[in-house]
Amino acid sequence: MFRLGMTPQAELRLQIDECLTHTSEGNYGGIANAAIGTKIKVYEGGKSLPKVAFMGTLLIPGGSHARYLPGHVGFQAHLLFENELSSKFTLTYEVGNDWSGDTNNPDLFFGINLTYQPSDKWSFFVESYNRYNSQRQDDWAKAGRSSHFNCMSELGLAYMLTPRLQLNAYSDICFNEFSRYNNIGFGIAWLLN
């Protein structure tokens, strides 16, 4: 992910994720996410009130051979909230709508994250991110079943290599069907300005 600070209140976000999938039928890979968006501060927070930001993201579709990217342009609109619980713990949560480009109805997205930062360099997090769609989704449950909810969780860590470059590693699991989806990932976030 590349982040470009346009002003102290807004940033431009560019994201490209590469993925490799291993299944019993074989391995395949490709670009898993291609997006451009913005994050805008709405409220700085105060006392017990959270910081608030808006994040809007345009999802770029893939061609007919893309295994991960949506078939059509998608869009995400989220409100982000952050409370500093102490000097080392932060609680963030968000709610929004995701139009994937592949479904008729948008997903309602809701997530919560607890971060522990023991130093300026290291941070560790656990989060739950969930989706609800009014139409049942086949790919959210065991084979042959469908579900309105997709419930995921993630554990991870991040290391600030420089003030502008962050490395991270994470693992995702799906509570709907553990054997259907699990993920180990590595990432880089680079603040350009």
# chains A, B, ... in the order shown; residues from 1 in each chain; ligands from 1
call {"tool": "residues_around", "arguments": {"residues": "Gln9 (chain A)", "least_positions_apart": "5", "cutoff": "8 Å", "atoms": "only C-alpha atoms", "output": "PyMOL selection string"}}
result
chain A and resi 40-42
call {"tool": "residues_around", "arguments": {"residues": "Gly56 (chain A)", "least_positions_apart": "5", "cutoff": "12 Å", "atoms": "only C-alpha atoms", "output": "NGL selection string"}}
result
:A and (10-14 or 35-41 or 74-80 or 96-99)
call {"tool": "atom_distance", "arguments": {"atom1": "CA of Ser128 (chain A)", "atom2": "CA of Tyr68 (chain A)"}}
result
21.6 Å
call {"tool": "closest_residue", "arguments": {"among": "A:Phe54, A:Ala34, A:Val95, A:Ser48", "to": "Ala66 (chain A)", "atoms": "only C-alpha atoms"}}
result
A:Ala34
call {"tool": "residues_around", "arguments": {"residues": "Ser100 (chain A)", "least_positions_apart": "6", "cutoff": "12 Å", "atoms": "only C-alpha atoms", "output": "JSON, numbers by chain"}}
result
{"A": [33, 34, 35, 57, 58, 59, 60, 61, 62, 68, 69, 70, 71, 72, 73, 74, 75, 76, 77, 106, 107, 108, 109, 131, 133]}
call {"tool": "residues_around", "arguments": {"residues": "region 148-163 of chain A", "least_positions_apart": "6", "cutoff": "6 Å", "atoms": "only C-alpha atoms", "output": "ChimeraX atom specification"}}
result
/A:121-133,136,140,169-175
call {"tool": "select_by_dssp", "arguments": {"residues": "region 6-188 of chain A", "states": "strand (DSSP E or B)", "output": "PyMOL selection string"}}
result
chain A and resi 6-7+10-23+26-43+46+49+51-59+74-84+89-99+107-116+122-137+147-162+165-174+182-188
call {"tool": "residues_around", "arguments": {"residues": "Glu177 (chain A)", "least_positions_apart": "3", "cutoff": "7 Å", "atoms": "only C-alpha atoms", "output": "list of chain:residue names"}}
result
A:Ala141, A:Lys142, A:Cys174, A:Arg180, A:Tyr181
call {"tool": "atom_distance", "arguments": {"atom1": "CA of Phe89 (chain A)", "atom2": "CA of Ala189 (chain A)"}}
result
20.9 Å
call {"tool": "closest_residue", "arguments": {"among": "A:Ser179, A:Gln135, A:Gln15, A:Ser87", "to": "Thr103 (chain A)", "atoms": "only C-alpha atoms"}}
result
A:Gln135
call {"tool": "closest_residue", "arguments": {"among": "A:Ser86, A:Ser64, A:Leu91, A:Gly144", "to": "Pro118 (chain A)", "atoms": "only C-alpha atoms"}}
result
A:Ser86
call {"tool": "atom_distance", "arguments": {"atom1": "CA of Tyr93 (chain A)", "atom2": "CA of Thr115 (chain A)"}}
result
11.2 Å
call {"tool": "closest_residue", "arguments": {"among": "A:Ile31, A:Leu4, A:Gln137, A:Glu84", "to": "Asp17 (chain A)", "atoms": "only C-alpha atoms"}}
result
A:Ile31
call {"tool": "closest_residue", "arguments": {"among": "A:Cys19, A:Leu49, A:Gln166, A:Asn176", "to": "Arg145 (chain A)", "atoms": "only C-alpha atoms"}}
result
A:Asn176
call {"tool": "closest_residue", "arguments": {"among": "A:Leu114, A:Leu192, A:Ala143, A:Ile184", "to": "Arg164 (chain A)", "atoms": "only C-alpha atoms"}}
result
A:Leu192
